[in-house]
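The file input_9.txt comes next; it holds compact mmCIF, C-alpha atoms.
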```
# COMPACT_ATOMS: atom_id res chain seq x y z
CA GLY J 162 -4.83 4.60 -15.47
CA GLU J 163 -2.42 1.96 -14.28
CA ASN J 164 -3.62 -1.63 -13.81
CA VAL J 165 -1.63 -4.21 -11.86
CA GLU J 166 -2.45 -7.92 -12.08
CA GLN J 167 -1.01 -10.32 -9.50
CA HIS J 168 -0.82 -14.14 -9.57
CA PRO J 169 -1.43 -16.49 -7.95
CA SER J 170 -4.01 -15.38 -5.39
CA THR J 171 -2.99 -18.23 -3.09
CA LEU J 172 0.34 -20.06 -3.00
CA SER J 173 1.12 -22.99 -0.74
CA VAL J 174 4.73 -24.24 -0.53
CA GLN J 175 6.65 -26.62 1.69
CA GLU J 176 8.97 -25.07 4.24
CA GLY J 177 12.42 -24.74 2.71
CA ASP J 178 11.14 -24.54 -0.87
CA SER J 179 11.07 -21.41 -3.02
CA ALA J 180 8.04 -19.21 -3.74
CA VAL J 181 7.49 -16.99 -6.76
CA ILE J 182 4.78 -14.34 -7.11
CA LYS J 183 4.26 -12.58 -10.43
CA CYS J 184 2.79 -9.20 -11.37
CA THR J 185 2.12 -7.42 -14.63
CA TYR J 186 1.47 -3.73 -15.13
CA SER J 187 -0.12 -1.78 -17.96
CA ASP J 188 1.41 1.69 -17.95
CA SER J 189 4.85 1.83 -19.56
CA ALA J 190 5.49 5.12 -17.68
CA SER J 191 5.59 3.24 -14.34
CA ASN J 192 9.12 3.18 -12.98
CA TYR J 193 8.95 2.09 -9.34
CA PHE J 194 7.80 -1.35 -8.17
CA PRO J 195 7.60 -2.10 -4.43
CA TRP J 196 6.53 -5.29 -2.67
CA TYR J 197 4.70 -5.27 0.65
CA LYS J 198 4.14 -8.02 3.18
CA GLN J 199 1.04 -7.89 5.36
CA GLU J 200 0.43 -10.16 8.31
CA LEU J 201 -3.09 -10.67 9.61
CA GLY J 202 -4.41 -7.52 11.29
CA LYS J 203 -1.19 -5.57 10.63
CA ARG J 204 -0.11 -2.78 8.33
CA PRO J 205 1.58 -3.48 4.97
CA GLN J 206 5.36 -3.50 5.40
CA LEU J 207 7.73 -2.62 2.55
CA ILE J 208 10.09 -5.58 2.07
CA ILE J 209 11.85 -4.80 -1.20
CA ASP J 210 11.50 -2.51 -4.18
CA ILE J 211 13.00 -2.04 -7.61
CA ARG J 212 13.29 0.89 -9.97
CA SER J 213 13.05 0.68 -13.73
CA ASN J 214 16.75 1.27 -14.29
CA VAL J 215 17.55 -2.03 -12.54
CA GLY J 216 16.74 -5.58 -13.67
CA GLU J 217 17.18 -7.44 -10.41
CA LYS J 218 17.62 -6.70 -6.73
CA LYS J 219 18.36 -9.07 -3.84
CA ASP J 220 18.11 -8.82 -0.10
CA GLN J 221 19.07 -12.02 1.71
CA ARG J 222 16.36 -14.59 0.90
CA ILE J 223 14.19 -12.29 -1.21
CA ALA J 224 14.76 -10.98 -4.70
CA VAL J 225 12.78 -9.04 -7.24
CA THR J 226 13.19 -9.13 -11.01
CA LEU J 227 11.83 -6.65 -13.54
CA ASN J 228 11.24 -7.09 -17.26
CA LYS J 229 10.35 -3.66 -18.64
CA THR J 230 9.77 -4.91 -22.17
CA ALA J 231 7.18 -7.44 -21.06
CA LYS J 232 5.93 -5.17 -18.25
CA HIS J 233 6.15 -7.75 -15.54
CA PHE J 234 8.00 -8.14 -12.26
CA SER J 235 8.31 -10.99 -9.81
CA LEU J 236 9.10 -11.64 -6.15
CA HIS J 237 11.25 -14.65 -5.32
CA ILE J 238 11.56 -16.01 -1.79
CA THR J 239 14.09 -18.80 -1.25
CA GLU J 240 14.39 -21.23 1.68
CA THR J 241 10.91 -20.32 2.89
CA GLN J 242 10.25 -20.27 6.63
CA PRO J 243 7.01 -20.29 8.67
CA GLU J 244 7.36 -16.55 9.33
CA ASP J 245 7.10 -15.93 5.58
CA SER J 246 3.40 -16.85 5.76
CA ALA J 247 1.49 -13.64 4.98
CA VAL J 248 -0.26 -11.76 2.18
CA TYR J 249 2.12 -10.17 -0.31
CA PHE J 250 1.19 -7.20 -2.49
CA CYS J 251 2.98 -5.85 -5.53
CA ALA J 252 2.50 -2.25 -6.63
CA ALA J 253 3.53 0.16 -9.36
CA SER J 254 4.03 3.90 -9.51
CA LYS J 255 4.97 6.46 -12.13
CA GLY J 256 7.75 8.98 -11.89
CA GLY J 257 7.51 12.35 -10.22
CA GLY J 258 8.33 11.02 -6.79
CA GLY J 259 5.58 11.02 -4.22
CA ALA J 260 3.11 13.06 -6.22
CA ASP J 261 1.37 9.88 -7.29
CA GLY J 262 -0.17 7.01 -5.41
CA LEU J 263 0.72 3.36 -5.67
CA THR J 264 -1.47 1.03 -7.73
CA PHE J 265 -1.61 -2.34 -5.99
CA GLY J 266 -2.23 -5.86 -7.13
CA LYS J 267 -4.92 -7.77 -5.26
CA GLY J 268 -2.48 -9.79 -3.18
CA THR J 269 -1.11 -13.31 -2.84
CA HIS J 270 -1.75 -15.34 0.29
CA LEU J 271 1.46 -17.30 0.84
CA ILE J 272 1.11 -20.36 3.04
CA ILE J 273 4.22 -22.16 4.26
CA GLN J 274 3.47 -25.79 5.04
CA PRO J 275 5.62 -27.34 7.81
CA ASP F 632 7.15 2.27 12.44
CA ALA F 633 8.07 5.45 10.56
CA GLY F 634 6.34 7.74 13.07
CA ILE F 635 2.81 7.41 11.71
CA THR F 636 -0.27 7.16 13.88
CA GLN F 637 -3.94 6.92 12.98
CA SER F 638 -6.96 7.72 15.06
CA PRO F 639 -9.33 6.27 15.92
CA ARG F 640 -8.10 2.71 15.43
CA HIS F 641 -11.63 1.32 15.43
CA LYS F 642 -14.94 3.01 14.84
CA VAL F 643 -18.53 1.86 14.45
CA THR F 644 -20.98 4.39 13.11
CA GLU F 645 -24.39 4.57 11.51
CA THR F 646 -25.34 5.29 7.91
CA GLY F 647 -25.66 8.98 7.22
CA THR F 648 -23.36 10.22 9.98
CA PRO F 649 -20.18 12.19 9.28
CA VAL F 650 -16.86 10.54 10.14
CA THR F 651 -13.35 11.99 10.25
CA LEU F 652 -10.22 9.87 10.38
CA ARG F 653 -6.89 11.38 11.33
CA CYS F 654 -3.39 10.54 10.19
CA HIS F 655 -0.50 12.08 12.10
CA GLN F 656 3.20 11.84 11.20
CA THR F 657 6.29 12.96 13.06
CA GLU F 658 8.65 12.57 10.08
CA ASN F 659 7.97 15.93 8.40
CA HIS F 660 7.40 14.08 5.11
CA ARG F 661 5.92 15.99 2.23
CA TYR F 662 3.60 13.35 0.78
CA MET F 663 0.65 11.68 2.52
CA TYR F 664 -1.94 9.24 1.23
CA TRP F 665 -5.21 7.60 2.19
CA TYR F 666 -5.98 4.05 1.00
CA ARG F 667 -8.82 1.69 1.72
CA GLN F 668 -8.40 -2.07 1.89
CA ASP F 669 -11.21 -4.46 1.10
CA PRO F 670 -11.17 -8.24 0.62
CA GLY F 671 -10.57 -9.09 -3.02
CA HIS F 672 -9.54 -5.54 -3.94
CA GLY F 673 -6.18 -5.03 -2.31
CA LEU F 674 -5.40 -1.42 -1.43
CA ARG F 675 -6.93 1.41 -3.42
CA LEU F 676 -5.94 5.06 -3.32
CA ILE F 677 -8.62 7.49 -2.10
CA HIS F 678 -6.81 10.85 -1.95
CA TYR F 679 -3.30 12.08 -1.56
CA SER F 680 -1.48 15.25 -0.57
CA TYR F 681 1.77 16.69 -1.91
CA GLY F 682 2.00 19.56 0.57
CA VAL F 683 0.02 21.72 2.96
CA LYS F 684 -3.31 22.55 1.34
CA ASP F 685 -2.29 20.60 -1.81
CA THR F 686 -4.42 17.51 -2.38
CA ASP F 687 -5.66 15.43 -5.28
CA LYS F 688 -8.08 12.61 -5.96
CA GLY F 689 -7.21 8.97 -6.28
CA GLU F 690 -8.95 5.98 -7.81
CA VAL F 691 -11.89 5.76 -5.36
CA SER F 692 -12.47 9.35 -4.15
CA ASP F 693 -16.27 9.55 -4.44
CA GLY F 694 -17.87 10.14 -1.03
CA TYR F 695 -14.60 11.24 0.59
CA SER F 696 -12.92 14.57 1.18
CA VAL F 697 -9.53 15.41 2.70
CA SER F 698 -7.76 18.31 4.29
CA ARG F 699 -4.17 19.09 5.19
CA SER F 700 -3.73 22.32 7.12
CA LYS F 701 -0.30 21.39 8.52
CA THR F 702 2.48 19.07 7.42
CA GLU F 703 1.93 16.50 10.15
CA ASP F 704 -1.83 15.93 9.81
CA PHE F 705 -3.93 14.56 6.96
CA LEU F 706 -7.65 14.19 7.61
CA LEU F 707 -10.09 11.97 5.73
CA THR F 708 -13.79 12.84 6.01
CA LEU F 709 -16.80 10.81 5.05
CA GLU F 710 -19.49 13.47 4.87
CA SER F 711 -22.36 10.98 5.10
CA ALA F 712 -21.14 7.46 5.74
CA THR F 713 -22.62 4.54 3.77
CA SER F 714 -22.33 0.79 4.33
CA SER F 715 -20.12 0.53 1.22
CA GLN F 716 -17.51 2.59 3.09
CA THR F 717 -17.06 -0.14 5.69
CA SER F 718 -13.38 -0.91 5.25
CA VAL F 719 -9.93 -0.73 6.74
CA TYR F 720 -8.34 2.66 6.05
CA PHE F 721 -4.58 3.07 5.86
CA CYS F 722 -2.61 6.26 5.78
CA ALA F 723 0.84 6.29 4.17
CA ILE F 724 3.70 8.77 3.96
CA SER F 725 6.55 9.30 1.54
CA ALA F 726 9.57 11.56 1.65
CA ARG F 727 11.12 10.79 -1.66
CA ASP F 728 11.11 13.22 -4.54
CA SER F 729 12.69 10.72 -6.90
CA TYR F 730 10.63 7.59 -6.30
CA ASN F 731 7.54 6.66 -4.37
CA GLU F 732 8.74 4.72 -1.31
CA GLN F 733 5.73 4.68 1.02
CA PHE F 734 5.32 3.65 4.66
CA PHE F 735 1.97 2.80 6.18
CA GLY F 736 0.23 3.66 9.40
CA PRO F 737 -1.45 1.02 11.61
CA GLY F 738 -4.88 1.39 9.99
CA THR F 739 -8.40 2.29 11.11
CA ARG F 740 -11.15 -0.30 10.97
CA LEU F 741 -14.42 1.48 10.16
CA THR F 742 -17.80 -0.23 10.29
CA VAL F 743 -20.87 1.59 8.97
CA LEU F 744 -24.14 0.00 10.09
```
Turn this file's structure into structure tokens for me.
Amino acid sequence: GENVEQHPSTLSVQEGDSAVIKCTYSDSASNYFPWYKQELGKRPQLIIDIRSNVGEKKDQRIAVTLNKTAKHFSLHITETQPEDSAVYFCAASKGGGGADGLTFGKGTHLIIQP
Amino acid sequence: DAGITQSPRHKVTETGTPVTLRCHQTENHRYMYWYRQDPGHGLRLIHYSYGVKDTDKGEVSDGYSVSRSKTEDFLLTLESATSSQTSVYFCAISARDSYNEQFFGPGTRLTVL
């Protein structure tokens, strides 16, 4: 089955700096890669996603890049703010729409230092 | 939050007792999922459903069963709870037929003593 590795497990950055979280996946059939943000005691919230026919996608201060050849994808957060502090999860899924679960990485605890 | 509720939100039970968790959606989405979240493991898929009475196993299905008798409800049952099933359980839904955009419920914190 699919295996998703996520690094680093903890990332501490100064407010205003950029943060990058990286994930690799094992199954070349995976074609959908979402990122979730989870605050303490809350549900995971979808913040951005990318499909395998796209190399990069941006939404304001966040962006995701995908390298299908190397089987890795990354989340980039620019101009970090205190409210960006949370645990971030990457995930991967194969085609066929919803008839397949998401395989998650183990998460990155992002800490924004004031 | 995408019209998903879970009940109960918190439960404490004893080893060996049966437990049923409920996920209810108001979105009429076809796909529903159960995940468990444990420290150091992220979220792992237990079971999922792709329609009424259509379900399949996920990565960590041992000790769990599911049922979906109507579109809006997806039940997760622990037939005989064990301490290793202490976890936070999240339900998710997806409407997409082309890619797997999922939205999560608020979660149920289950403690098995």
If we count all atoms listed in the file and set the cut-off at 10 Å, which residues sit around Gly262 in chain J, ignoring sequence neighbours fewer than 5 positions away in its own chain? Please answer as a PyMOL selection string.
(chain J and resi 252-255) or (chain F and resi 662-666+675-680+688-690+723+725+731+733)
Residues near Arg667 in chain F, cut-off 6 Å, all atoms listed in the file, skip fewer than 3 positions along chain, as a VMD selection string:
chain F and resid 674 to 675 719 to 720
Compute the chain J side of the contact with chain F at 12 Å, counting all atoms listed in the file, and hand it back as a PyMOL selection string.
chain J and resi 162-167+170-171+191-214+248-270
Using all atoms listed in the file, which protein or nucleic acid residues come within 12 Å of Gly694 in chain F? Drop anything in the same chain fewer than 6 positions from it, and give the result as a ChimeraX atom specification.
/F:647,649-650,677-678,688,707-716
Show which residues sit within 8 Å of Pro639 in chain F, as a PyMOL selection string. Count all atoms listed in the file, and ignore same-chain residues fewer than 4 positions away.
chain F and resi 652-653+739
Between CA of Thr226 in chain J and CA of Val174 in chain J, what distance in Å does the model show, to one decimal?
20.2 Å
Between CA of Ser189 in chain J and CA of Asn228 in chain J, what distance in Å does the model show, to one decimal?
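Atom-to-atom, CA of Ser189 in chain J to CA of Asn228 in chain J, that is 11.2 Å.
Take CA of Pro275 in chain J and CA of Gln242 in chain J: the distance between them is 8.5 Å.
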Within 6 Å of Arg699 in chain F, counting all atoms listed in the file, which residues qualify if same-chain residues fewer than 6 places away don't, as a ChimeraX atom specification?
/F:683-684,705
